[in-house]
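Visitor: Just coords-v5.txt, nothing more (compact mmCIF, C-alpha atoms):
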```
# COMPACT_ATOMS: atom_id res chain seq x y z
CA MET A 1 49.58 110.07 85.64
CA PHE A 2 51.96 107.42 86.94
CA TYR A 3 53.15 107.70 90.52
CA ASN A 4 55.86 106.25 92.71
CA ILE A 5 55.68 107.35 96.33
CA HIS A 6 58.05 105.98 98.92
CA ILE A 7 57.38 106.79 102.57
CA SER A 8 60.05 106.09 105.18
CA GLY A 9 60.95 107.31 108.65
CA GLY A 10 58.58 107.79 111.52
CA PHE A 11 59.16 106.28 114.95
CA ALA A 12 58.68 102.79 113.52
CA ASN A 13 60.38 103.36 110.13
CA ILE A 14 58.11 100.85 108.44
CA GLN A 15 58.37 101.77 104.80
CA ARG A 16 55.45 102.11 102.43
CA GLU A 17 55.67 102.14 98.65
CA TYR A 18 52.90 103.09 96.28
CA GLU A 19 53.27 102.65 92.55
CA GLY A 20 50.58 102.83 89.92
CA LYS A 21 48.45 104.93 87.62
CA LEU A 22 45.86 107.48 88.59
CA ASP A 23 43.56 109.55 86.45
CA ILE A 24 43.54 113.18 87.55
CA ASP A 25 42.10 116.32 86.01
CA ILE A 26 44.09 119.11 84.37
CA GLN A 27 43.88 121.42 87.37
CA GLN A 28 45.23 118.73 89.72
CA LYS A 29 48.05 118.02 87.25
CA GLU A 30 49.03 121.66 87.18
CA ASN A 31 48.90 121.94 90.96
CA LEU A 32 51.11 118.88 91.40
CA LYS A 33 53.61 120.07 88.80
CA LYS A 34 53.81 123.41 90.57
CA VAL A 35 54.54 122.00 94.04
CA LEU A 36 57.06 119.49 92.71
CA ASN A 37 58.86 122.05 90.56
CA ASN A 38 59.08 124.52 93.42
CA PRO A 39 59.06 122.60 96.70
CA ASN A 40 58.80 125.05 99.55
CA LEU A 41 61.64 123.98 101.81
CA VAL A 42 62.18 127.40 103.37
CA ASN A 43 60.03 126.55 106.36
CA GLU A 44 61.55 123.12 106.88
CA ASN A 45 61.66 122.32 110.57
CA LYS A 46 65.13 120.91 111.13
CA ASN A 47 64.29 119.98 114.70
CA LEU A 48 61.63 117.57 113.55
CA THR A 49 62.44 114.02 114.60
CA ASP A 50 60.57 110.76 113.96
CA ALA A 51 58.55 112.38 111.20
CA PHE A 52 57.70 110.61 107.94
CA VAL A 53 59.82 111.25 104.83
CA TYR A 54 57.99 111.30 101.48
CA ASP A 55 59.90 110.60 98.26
CA VAL A 56 57.52 111.54 95.49
CA LYS A 57 58.04 110.83 91.79
CA LEU A 58 55.27 111.54 89.30
CA ASN A 59 55.17 110.98 85.57
CA ILE A 60 52.77 113.56 84.22
CA ASP A 61 52.22 113.47 80.45
CA GLY A 62 55.59 111.81 79.92
CA LYS A 63 57.63 114.17 82.03
CA ILE A 64 59.10 113.17 85.41
CA TYR A 65 58.59 115.41 88.44
CA GLY A 66 60.05 114.58 91.84
CA ALA A 67 60.78 115.97 95.29
CA THR A 68 61.37 114.83 98.86
CA PHE A 69 59.28 116.19 101.71
CA ASN A 70 58.85 115.67 105.42
CA GLU A 71 55.86 116.53 107.55
CA SER A 72 56.95 120.13 107.90
CA THR A 73 57.30 120.71 104.16
CA ILE A 74 54.76 118.45 102.51
CA PRO A 75 52.23 120.50 100.54
CA GLN A 76 48.52 119.84 100.88
CA GLU A 77 48.36 118.72 97.24
CA ILE A 78 50.72 115.80 98.04
CA VAL A 79 48.87 114.99 101.30
CA ASN A 80 45.65 114.75 99.31
CA LEU A 81 47.29 112.62 96.64
CA VAL A 82 48.70 110.16 99.20
CA ASP A 83 45.29 109.98 100.89
CA GLU A 84 43.63 109.27 97.57
CA ILE A 85 46.14 106.54 96.71
CA GLU A 86 45.97 104.96 100.18
CA LYS A 87 42.17 104.89 100.02
CA SER A 88 42.24 103.27 96.59
CA THR A 89 44.65 100.57 97.75
CA THR A 90 42.77 99.55 100.91
CA MET B 91 88.74 131.42 125.88
CA CYS B 92 86.25 131.28 123.10
CA ILE B 93 83.34 133.45 124.17
CA LYS B 94 80.13 133.63 122.19
CA ALA B 95 80.80 137.06 120.67
CA GLN B 96 84.23 136.03 119.43
CA CYS B 97 83.05 132.73 118.07
CA SER B 98 80.36 134.31 115.93
CA ILE B 99 82.92 135.45 113.36
CA ILE B 100 84.73 132.13 113.26
CA PRO B 101 83.73 129.82 110.41
CA PRO B 102 81.63 126.82 111.50
CA HIS B 103 84.24 124.25 110.39
CA ILE B 104 86.80 125.79 112.75
CA LEU B 105 84.27 125.88 115.58
CA GLU B 106 83.51 122.24 114.87
CA GLU B 107 87.18 121.26 114.99
CA LEU B 108 87.64 123.16 118.26
CA ALA B 109 84.53 121.48 119.63
CA LYS B 110 85.94 118.09 118.67
CA ARG B 111 89.05 118.99 120.65
CA GLY B 112 86.99 119.58 123.75
CA ASN B 113 86.22 123.31 123.63
CA THR B 114 82.74 123.33 125.14
CA SER B 115 82.08 127.04 124.60
CA CYS B 116 82.76 126.63 120.88
CA LYS B 117 80.46 123.63 120.82
CA LYS B 118 77.75 125.67 122.51
CA THR B 119 78.22 128.54 120.07
CA LEU B 120 78.06 126.15 117.12
CA ASN B 121 74.87 124.58 118.39
CA ASP B 122 73.30 127.88 119.39
CA ALA B 123 74.14 129.35 115.99
CA GLN B 124 72.30 126.49 114.29
CA ARG B 125 69.27 126.92 116.52
CA ILE B 126 69.19 130.67 116.00
CA LEU B 127 69.49 130.25 112.24
CA LEU B 128 66.57 127.88 112.35
CA LYS B 129 64.44 130.16 114.50
CA ARG B 130 65.10 133.10 112.20
CA ASN B 131 62.97 131.37 109.62
CA THR B 132 59.96 131.38 111.85
CA VAL B 133 60.08 134.14 114.46
CA LEU B 134 60.85 137.82 114.60
CA ASN B 135 64.53 138.51 114.87
CA ASN B 136 64.17 140.88 117.78
CA LEU B 137 62.86 138.04 119.93
CA LEU B 138 66.10 136.16 119.46
CA ILE B 139 68.25 138.60 121.36
CA GLN B 140 66.16 138.34 124.50
CA GLU B 141 67.53 136.07 127.18
CA GLU B 142 65.19 133.18 127.77
CA LYS B 143 63.95 133.06 131.33
CA ALA B 144 63.93 129.70 133.08
CA GLY B 145 60.49 128.14 132.93
CA LYS B 146 58.72 125.87 135.38
CA GLY B 147 58.75 122.72 133.27
CA GLU B 148 54.99 122.39 133.46
CA ARG B 149 53.09 119.66 131.66
CA TYR B 150 50.32 120.48 129.22
CA ILE B 151 48.24 117.82 127.51
CA TYR B 152 46.28 118.80 124.41
CA ASP B 153 43.76 116.74 122.44
CA SER B 154 44.14 117.04 118.67
CA LEU B 155 40.58 115.69 118.32
CA ASN B 156 41.77 113.52 115.40
CA LEU B 157 42.76 116.58 113.39
CA TYR B 158 46.24 116.99 111.93
CA LYS B 159 46.75 119.96 114.21
CA GLN B 160 48.50 120.61 117.50
CA ARG B 161 47.18 122.37 120.61
CA VAL B 162 43.55 122.01 119.57
CA GLU B 163 42.01 121.58 123.03
CA LEU B 164 43.81 121.75 126.36
CA ILE B 165 42.59 118.92 128.56
CA ARG B 166 45.02 118.81 131.46
CA LYS B 167 47.82 121.02 132.75
CA GLU B 168 50.29 120.90 135.65
CA ASN B 169 48.69 120.39 139.06
CA ASP B 170 45.26 119.74 137.59
CA ASP B 171 43.40 116.79 139.05
CA GLU B 172 42.97 113.69 136.93
CA VAL B 173 40.57 114.20 134.06
CA ASP B 174 38.04 111.85 132.55
CA ASP B 175 40.47 110.75 129.87
CA VAL B 176 42.70 107.74 130.43
CA ILE B 177 45.18 108.59 127.67
CA ALA B 178 45.60 112.18 128.87
CA ASN B 179 46.25 110.98 132.42
CA GLU B 180 48.74 108.35 131.26
CA VAL B 181 50.71 110.81 129.16
CA TYR B 182 50.65 113.30 132.02
CA ASP B 183 52.02 110.70 134.43
CA MET B 184 54.59 109.23 132.06
CA SER B 185 55.98 112.56 130.91
CA GLY B 186 56.25 113.49 134.59
CA TYR B 187 58.10 110.26 135.31
CA VAL B 188 60.57 110.94 132.49
CA LYS B 189 61.10 114.54 133.56
CA ASP B 190 61.67 113.44 137.16
CA TYR B 191 64.15 110.78 136.05
CA PHE B 192 66.30 113.39 134.31
CA LYS B 193 65.95 115.82 137.22
CA ASN B 194 66.75 113.28 139.92
CA THR B 195 69.50 111.50 138.02
CA PHE B 196 71.28 114.28 136.12
CA ASN B 197 69.82 117.40 137.77
CA LEU B 198 68.37 118.43 134.40
CA ASN B 199 65.85 121.25 134.71
CA SER B 200 63.14 119.88 132.42
CA ILE B 201 63.93 118.81 128.86
CA ASP B 202 66.06 121.81 127.89
CA ASP B 203 67.74 122.28 131.28
CA ASN B 204 65.99 125.65 131.42
CA GLY B 205 62.55 124.69 132.69
CA MET B 206 60.89 124.28 129.31
CA ASP B 207 57.25 123.26 129.50
CA VAL B 208 56.54 119.70 128.44
CA ILE B 209 53.72 119.85 125.92
CA SER B 210 52.06 116.73 124.56
CA ASN B 211 49.40 116.38 121.88
CA ILE B 212 47.36 113.19 121.86
CA ARG B 213 44.94 111.71 119.30
CA TYR B 214 46.74 113.47 116.44
CA GLY B 215 45.25 112.73 113.03
CA LYS B 216 43.20 109.75 111.99
CA ASN B 217 44.64 106.26 112.55
CA TYR B 218 48.01 108.00 112.68
CA ASN B 219 50.77 105.41 113.21
CA ASN B 220 53.43 107.65 114.63
CA ALA B 221 54.75 109.87 117.38
CA PHE B 222 57.18 112.71 116.88
CA TRP B 223 59.04 115.62 118.50
CA ASP B 224 58.92 118.84 116.46
CA GLY B 225 61.40 121.02 118.30
CA ASP B 226 58.81 122.37 120.75
CA GLU B 227 56.37 119.63 121.69
CA MET B 228 55.48 115.96 121.46
CA THR B 229 52.72 114.63 119.25
CA TYR B 230 51.19 111.15 119.43
CA GLY B 231 48.87 109.33 117.06
CA GLU B 232 46.42 106.78 118.35
CA GLY B 233 47.43 104.13 115.81
CA ASP B 234 45.28 102.34 113.28
CA GLY B 235 44.04 99.79 115.80
CA ILE B 236 45.00 97.05 113.35
CA GLN B 237 48.76 96.81 113.73
CA PHE B 238 49.41 99.70 116.08
CA LYS B 239 47.88 100.74 119.38
CA ASP B 240 47.94 104.25 120.74
CA PHE B 241 51.53 105.52 120.74
CA THR B 242 51.03 106.89 124.25
CA LYS B 243 50.72 103.39 125.68
CA ALA B 244 54.43 102.85 126.22
CA ILE B 245 56.81 104.60 128.59
CA ASP B 246 59.74 103.91 126.24
CA VAL B 247 57.98 105.76 123.40
CA VAL B 248 57.25 108.74 125.64
CA ALA B 249 60.84 108.76 126.95
CA HIS B 250 62.19 108.33 123.40
CA GLU B 251 60.33 111.42 122.20
CA LEU B 252 61.26 113.51 125.24
CA MET B 253 64.88 112.49 124.80
CA HIS B 254 64.83 114.02 121.32
CA ALA B 255 64.20 117.29 123.11
CA VAL B 256 67.09 116.74 125.51
CA THR B 257 69.39 115.87 122.60
CA GLN B 258 68.29 118.96 120.71
CA PHE B 259 69.24 121.22 123.57
CA LEU B 260 72.41 119.44 124.69
CA ALA B 261 74.05 118.43 121.42
CA ASN B 262 71.70 119.46 118.60
CA LEU B 263 72.71 116.41 116.55
CA GLU B 264 71.51 117.02 113.00
CA TYR B 265 68.84 114.61 111.87
CA LYS B 266 70.47 112.76 109.02
CA SER B 267 73.11 110.12 108.41
CA GLN B 268 75.33 109.14 111.37
CA PRO B 269 74.59 112.24 113.51
CA GLY B 270 70.89 111.49 112.99
CA ALA B 271 71.44 107.83 113.87
CA LEU B 272 73.15 109.02 117.07
CA ASN B 273 70.13 111.25 117.74
CA GLU B 274 67.92 108.15 117.44
CA HIS B 275 70.40 106.11 119.46
CA PHE B 276 70.26 108.46 122.44
CA SER B 277 66.47 108.38 122.30
CA ASP B 278 66.45 104.59 122.27
CA VAL B 279 69.06 104.44 125.05
CA PHE B 280 67.11 106.66 127.42
CA GLY B 281 63.81 105.20 126.23
CA THR B 282 65.01 101.81 127.39
CA VAL B 283 66.75 103.09 130.53
CA VAL B 284 63.57 104.85 131.66
CA LYS B 285 61.49 101.80 130.73
CA GLN B 286 63.67 99.54 132.91
CA LYS B 287 63.42 102.01 135.80
CA TYR B 288 59.66 102.39 135.35
CA LEU B 289 59.12 98.63 135.27
CA LYS B 290 61.75 98.04 137.98
CA GLN B 291 63.63 95.68 135.70
CA ASP B 292 67.20 94.51 135.91
CA VAL B 293 69.43 94.55 132.80
CA THR B 294 69.53 90.77 132.76
CA CYS B 295 65.75 90.28 132.86
CA ALA B 296 64.77 93.28 130.72
CA ASP B 297 63.56 92.54 127.20
CA TRP B 298 65.53 95.45 125.64
CA LEU B 299 62.68 95.97 123.19
CA ILE B 300 61.53 99.38 122.01
CA GLY B 301 57.84 99.89 121.32
CA ASP B 302 56.61 96.41 122.26
CA LEU B 303 53.52 97.90 123.93
CA ILE B 304 52.34 99.84 120.89
CA VAL B 305 52.04 96.88 118.50
CA THR B 306 48.98 94.62 118.29
CA ASP B 307 48.82 90.84 117.95
CA LYS B 308 48.37 91.31 114.21
CA PHE B 309 51.67 93.15 113.86
CA PRO B 310 54.31 90.86 112.31
CA GLY B 311 56.73 91.08 115.17
CA LYS B 312 57.08 91.66 118.87
CA ALA B 313 58.28 95.29 118.86
CA ILE B 314 59.64 98.13 116.75
CA ARG B 315 63.32 97.66 117.62
CA SER B 316 65.54 95.48 119.76
CA MET B 317 68.64 96.85 121.42
CA LYS B 318 69.78 93.36 122.33
CA ALA B 319 69.38 91.96 118.81
CA PRO B 320 68.94 94.74 116.22
CA GLY B 321 67.23 93.54 113.06
CA THR B 322 65.13 90.84 114.74
CA SER B 323 62.17 92.63 116.33
CA ASN B 324 59.78 92.40 113.36
CA ASP B 325 59.56 91.38 109.71
CA PHE B 326 60.51 94.90 108.56
CA ASP B 327 63.34 95.43 111.03
CA ASN B 328 66.39 96.27 108.94
CA GLN B 329 68.68 97.51 111.68
CA PRO B 330 72.30 96.35 111.39
CA ASP B 331 74.25 95.34 114.48
CA HIS B 332 77.70 95.80 112.92
CA MET B 333 79.49 98.44 110.85
CA ASP B 334 79.96 95.88 108.08
CA ASN B 335 76.25 96.28 107.37
CA LEU B 336 76.02 100.06 107.72
CA TYR B 337 73.12 101.38 105.63
CA THR B 338 74.27 103.94 103.07
CA GLY B 339 71.04 104.69 101.21
CA THR B 340 68.84 107.77 101.34
CA ASP B 341 65.69 106.38 102.99
CA ASP B 342 64.74 107.50 106.48
CA ASN B 343 66.98 110.61 106.41
CA GLU B 344 69.93 108.41 105.41
CA GLY B 345 69.06 105.66 107.82
CA VAL B 346 68.63 107.39 111.16
CA HIS B 347 66.34 104.64 112.51
CA ILE B 348 68.36 101.96 110.73
CA ASN B 349 71.99 102.56 111.67
CA SER B 350 71.10 103.40 115.27
CA GLY B 351 71.09 99.61 115.71
CA ILE B 352 74.90 99.63 115.74
CA PRO B 353 75.49 101.89 118.79
CA ASN B 354 72.30 100.46 120.37
CA LYS B 355 73.88 97.01 120.42
CA ALA B 356 77.08 98.46 121.88
CA PHE B 357 75.09 100.15 124.63
CA TYR B 358 73.35 96.88 125.45
CA LEU B 359 76.67 95.04 125.67
CA SER B 360 78.15 97.76 127.89
CA ALA B 361 75.13 97.89 130.20
CA LEU B 362 75.25 94.14 130.72
CA GLU B 363 78.78 94.51 132.08
CA ILE B 364 78.76 97.78 134.02
CA GLY B 365 75.05 98.18 134.73
CA ILE B 366 72.35 100.49 133.48
CA ASP B 367 73.07 103.37 135.87
CA ASP B 368 76.78 103.68 135.10
CA SER B 369 76.06 103.32 131.40
CA ALA B 370 73.32 105.96 131.55
CA LEU B 371 75.64 108.39 133.35
CA ILE B 372 78.45 107.86 130.85
CA TRP B 373 76.13 108.22 127.86
CA PHE B 374 74.42 111.31 129.28
CA GLU B 375 77.70 113.07 130.06
CA THR B 376 78.95 112.14 126.60
CA LEU B 377 75.88 113.65 124.94
CA LYS B 378 76.76 116.93 126.63
CA VAL B 379 80.11 117.07 124.82
CA LEU B 380 78.92 115.95 121.39
CA TRP B 381 78.13 118.41 118.62
CA ARG B 382 75.83 118.77 115.62
CA THR B 383 77.81 116.68 113.12
CA ALA B 384 79.29 114.08 115.48
CA ASN B 385 79.52 110.58 114.00
CA PHE B 386 79.89 107.06 115.44
CA ASN B 387 83.65 107.41 115.86
CA ASP B 388 83.18 110.72 117.67
CA LEU B 389 80.69 109.00 119.97
CA LEU B 390 83.15 106.26 120.86
CA ASP B 391 86.06 108.68 121.27
CA ASN B 392 84.05 110.81 123.70
CA LEU B 393 82.50 107.87 125.53
CA LEU B 394 86.00 106.68 126.32
CA LYS B 395 87.17 110.12 127.45
CA VAL B 396 84.10 110.61 129.62
CA SER B 397 84.18 107.12 131.12
CA LYS B 398 87.89 107.51 131.91
CA LYS B 399 87.19 110.73 133.78
CA LEU B 400 84.16 109.32 135.58
CA SER B 401 86.01 106.17 136.60
CA ASP B 402 88.99 108.24 137.77
CA ASP B 403 86.50 110.20 139.89
CA LYS B 404 85.11 106.88 141.15
CA LYS B 405 81.65 107.69 139.83
CA VAL B 406 81.40 104.65 137.57
CA ASN B 407 82.81 101.13 137.38
CA ILE B 408 86.59 101.19 136.93
CA LYS B 409 86.26 98.72 134.07
CA SER B 410 84.02 101.04 132.05
CA VAL B 411 86.71 102.11 129.53
CA GLU B 412 87.65 98.50 128.89
CA VAL B 413 84.01 97.40 128.65
CA ILE B 414 82.99 100.19 126.27
CA THR B 415 86.04 99.56 124.09
CA LYS B 416 85.14 95.88 123.86
CA SER B 417 81.43 96.54 123.26
CA PHE B 418 82.12 98.87 120.37
CA SER B 419 84.73 96.52 118.98
CA GLU B 420 82.03 93.85 118.76
CA VAL B 421 79.97 96.12 116.49
CA GLY B 422 82.97 97.02 114.35
CA LEU B 423 84.01 100.32 115.87
CA ALA B 424 87.46 101.06 117.29
CA GLN B 425 88.94 104.28 118.57
CA ILE B 426 90.91 106.16 115.93
CA VAL B 427 94.29 106.97 117.43
```
Can the structure from this file be put into structure tokens for me?
Guide:
Amino acid sequence: MFYNIHISGGFANIQREYEGKLDIDIQQKENLKKVLNNPNLVNENKNLTDAFVYDVKLNIDGKIYGATFNESTIPQEIVNLVDEIEKSTT
Amino acid sequence: MCIKAQCSIIPPHILEELAKRGNTSCKKTLNDAQRILLKRNTVLNNLLIQEEKAGKGERYIYDSLNLYKQRVELIRKENDDEVDDVIANEVYDMSGYVKDYFKNTFNLNSIDDNGMDVISNIRYGKNYNNAFWDGDEMTYGEGDGIQFKDFTKAIDVVAHELMHAVTQFLANLEYKSQPGALNEHFSDVFGTVVKQKYLKQDVTCADWLIGDLIVTDKFPGKAIRSMKAPGTSNDFDNQPDHMDNLYTGTDDNEGVHINSGIPNKAFYLSALEIGIDDSALIWFETLKVLWRTANFNDLLDNLLKVSKKLSDDKKVNIKSVEVITKSFSEVGLAQIV
């Protein structure tokens, strides 16, 4: 899977960009496809200020999946993915 | 007169136009309607119709214990003695200072003008480089210790976050594009006003920096933002100081922390001429008449109306209209006649 994750916002608005390739198993692929195809924005907290904004684009088996989240809408699958990528880059 | 019940059947765009023309009850209805719509997603509808009783504006400090959760462990509440936790005591004191500033200066009853409790969460997450307001409470990370210190270390950060609450309840500026940049602007304005009061600084000797106390020596810059010179506070600072360089991309909720540099610079220029107190009064009274979708031109238009009235009433410098006009002209904004 190829990823491009752009994080902006936050009090400091210091942007972070992660781009690269990550090997993930079939179950993780399916979970990521699911949350990107159907982002749950119903519970978006519109009063949230200074939160991070996550622009997520994934290329899974040749197909592009993308969505934008903030800290009130980001699914755990994306949190885990960002954690994994950040750990691998530090 | 546009009472709440009548306004509820009027389309939002008409309410907005009436609000722009100075109808405060329509503005209130518009803002209340947005808040109610939002709350309907999360709470039982029957709670909405109950009148909110005025609270006591009490402070509560919770420790997130490095979890990504709020209200994990209550460590200090209003009237409690100091606890064995420096950060908790500092946040308690600083949020009290900010609340008192708004009470003593503008007679605001806590952050919502209805006695809302002031709830702070400290040590949120692990190495979390941020602080935010979520509509109900403040949350502070303790920073990564490499480039950022604890976000509770600076009075301007605490005041900035609390001001988001005040803005939410007074104008409910939506958090994207120019209204969002105004939301950030008001937080930076009162973050810096409170900082200057707290440090007993004068406008001429103040540094006009935002967040200088939360960055370490390894951070590539001296602060997060500069109101005096937007775009110069650190290597990543991309704030414009003129409309010619207005950011039009999608990052950061369409540039809310970026384009706020433009009105920030205008505020700085105005405060240098008419002083921080007159400027604060004009900006605060203007916030009260703004509405959810107000943009930079709406800000200027209303600043001039408000400053004219306040100077006629001899509450601010008689040159305030002239000074604000000139300050905004320097950042590329002129009143649309």
Visitor: When the cut-off is 10 Å and we count all atoms listed in the file, which residues of chain B are near chain A, given as a PyMOL selection string?
Guide: chain B and resi 124-125+128-129+131-132+219-228+241+247+250-251+254-255+258+262-266+270+273-274+300-301+313-315+324-328+340-348
Visitor: Using only C-alpha atoms, find all polymer residues with an atom at most 9 Å away from the point (48.1, 121.4, 96.5); report them as a list of chain:residue names.
Guide: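 Applying the cut-off with only C-alpha atoms, one gets A:Gln28, A:Asn31, A:Leu32, A:Lys34, A:Val35, A:Pro75, A:Gln76, A:Glu77, A:Ile78, A:Val79, A:Asn80, A:Leu81.
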Visitor: Expressed in Å to a single decimal, how great is the separation between atom CA of B:Ala370 and atom CA of B:Tyr150?
Guide: 27.3 Å
Visitor: Enclose the full set of atoms of stretch 376-394 of chain B listed in the file within a box whose edges lie along x, y and z, apply 6 Å of padding to each of the six sides, and report centre and edge lengths in Å to one decimal as AutoDock Vina command-line options.
Guide:
```
--center_x 80.9 --center_y 112.5 --center_z 119.9 --size_x 22.2 --size_y 24.5 --size_z 25.5
```
Visitor: What separation in Å, quoted to one decimal, exists between atom CA of B:Lys409 and atom CA of B:Asn197?
Guide: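 So the two atoms, atom CA of B:Lys409 and atom CA of B:Asn197, lie 25.2 Å apart.
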Visitor: Compile the contact shell of A:Asp23 as a VMD selection string: residues with an atom at most 10 Å away, counting all atoms listed in the file, same-chain residues fewer than 6 positions apart removed.
Guide: chain A and resid 1 to 2 29
Visitor: How would stretch 71-90 of chain A read, as a CSV table (one decimal), keeping the file's coordinate frame, once N, CA and C atoms are built in?
Guide:
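The result, written out as out.csv:
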```
chain,number,residue,atom,x,y,z
A,71,GLU,N,57.2,116.0,107.1
A,71,GLU,CA,55.9,116.5,107.6
A,71,GLU,C,55.8,118.0,107.8
A,72,SER,N,57.0,118.7,107.8
A,72,SER,CA,57.0,120.1,107.9
A,72,SER,C,56.9,120.8,106.5
A,73,THR,N,57.2,120.1,105.5
A,73,THR,CA,57.3,120.7,104.2
A,73,THR,C,56.3,120.2,103.2
A,74,ILE,N,55.6,119.1,103.5
A,74,ILE,CA,54.8,118.4,102.5
A,74,ILE,C,53.6,119.4,102.2
A,75,PRO,N,53.4,119.6,100.9
A,75,PRO,CA,52.2,120.5,100.5
A,75,PRO,C,50.9,119.7,100.6
A,76,GLN,N,49.8,120.5,100.8
A,76,GLN,CA,48.5,119.8,100.9
A,76,GLN,C,48.2,119.0,99.6
A,77,GLU,N,48.6,119.4,98.5
A,77,GLU,CA,48.4,118.7,97.2
A,77,GLU,C,48.9,117.3,97.3
A,78,ILE,N,50.1,117.1,97.9
A,78,ILE,CA,50.7,115.8,98.0
A,78,ILE,C,50.0,115.0,99.1
A,79,VAL,N,49.6,115.7,100.2
A,79,VAL,CA,48.9,115.0,101.3
A,79,VAL,C,47.6,114.4,100.7
A,80,ASN,N,46.9,115.2,99.9
A,80,ASN,CA,45.6,114.8,99.3
A,80,ASN,C,45.9,113.6,98.4
A,81,LEU,N,47.0,113.7,97.6
A,81,LEU,CA,47.3,112.6,96.6
A,81,LEU,C,47.6,111.3,97.4
A,82,VAL,N,48.4,111.4,98.4
A,82,VAL,CA,48.7,110.2,99.2
A,82,VAL,C,47.4,109.6,99.8
A,83,ASP,N,46.6,110.4,100.3
A,83,ASP,CA,45.3,110.0,100.9
A,83,ASP,C,44.5,109.2,99.8
A,84,GLU,N,44.4,109.8,98.7
A,84,GLU,CA,43.6,109.3,97.6
A,84,GLU,C,44.2,107.9,97.2
A,85,ILE,N,45.5,107.8,97.1
A,85,ILE,CA,46.1,106.5,96.7
A,85,ILE,C,45.9,105.5,97.8
A,86,GLU,N,46.1,105.9,99.1
A,86,GLU,CA,46.0,105.0,100.2
A,86,GLU,C,44.5,104.4,100.2
A,87,LYS,N,43.6,105.3,100.0
A,87,LYS,CA,42.2,104.9,100.0
A,87,LYS,C,41.9,103.9,98.9
A,88,SER,N,42.5,104.2,97.7
A,88,SER,CA,42.2,103.3,96.6
A,88,SER,C,42.9,101.9,96.7
A,89,THR,N,43.9,101.8,97.6
A,89,THR,CA,44.6,100.6,97.8
A,89,THR,C,44.2,99.8,99.0
A,90,THR,N,43.2,100.3,99.7
A,90,THR,CA,42.8,99.6,100.9
A,90,THR,C,41.3,99.1,100.7
```
